[in-house]
Amino acid sequence: MRLTEAGEVLELISTYDNRRVTAEVSTAWYDLLNPYTLAEAKHAVKKHFYESTDYLMPAHIVKIIKTERKARLARVGTIAPGRADMVDAGAELRTTKELSKAVASGELTLEQYEDYQRGETPWADYRRGILALRGAA
């Protein structure tokens, strides 16, 4: 997440609870939310306000995101690179880390992961294709 995206998250929060957002507040929230995507943070904000009347804090968002990431990873099970990415141990490890991050964040759905596994396309190319489709949508 970029600093400007943290500001977007705070604008959304402010829409729900009328809090005052300053540059300092955006920076503080960014420090805690930068490991996560904008989509994850916005989803967590909406989920929190849908389910709770508690004053929203960064810990609420982080807890929701971590819970959902664990659930996504559990649905996939063991993550491994596809045949096209099994060229050497370093490439396999990098690909496994990238796949894990993509699945956890929701960038890569279970169905897309399974499609990647069935195919012969390297992860980097498969990911570019997914991003291109999202850009066209």
# chains A, B, ... in the order shown; residues from 1 in each chain; ligands from 1
$ residues_around --residues "segment 62-78 of chain A" --least-positions-apart "6" --cutoff "12 Å" --atoms "only C-alpha atoms" --output "number ranges by chain"
A: 29-49, 51, 56, 96-97, 99-114, 117
$ select_by_dssp --residues "chain A" --states "alpha helix (DSSP H)" --output "number ranges by chain"
A: 3-17, 23-33, 38-51, 58-76, 89-105, 110-118, 123-136
$ closest_residue --among "A:Arg118, A:His60, A:Arg134, A:Arg127" --to "Arg83 of chain A" --atoms "only C-alpha atoms"
A:Arg118
$ closest_residue --among "A:Val21, A:Ala28, A:Ala59, A:Ile130" --to "Leu3 of chain A" --atoms "only C-alpha atoms"
A:Ala28
$ closest_residue --among "A:Ile13, A:Glu98, A:Ala124, A:Thr4" --to "Pro58 of chain A" --atoms "only C-alpha atoms"
A:Ile13
$ residues_around --residues "Thr121 of chain A" --least-positions-apart "2" --cutoff "9 Å" --atoms "only C-alpha atoms" --output "list in words"
Gly82, Arg83, Ala84, Asp85, Tyr116, Gln117, Gly119, Trp123, Ala124, Asp125 and Tyr126 of chain A
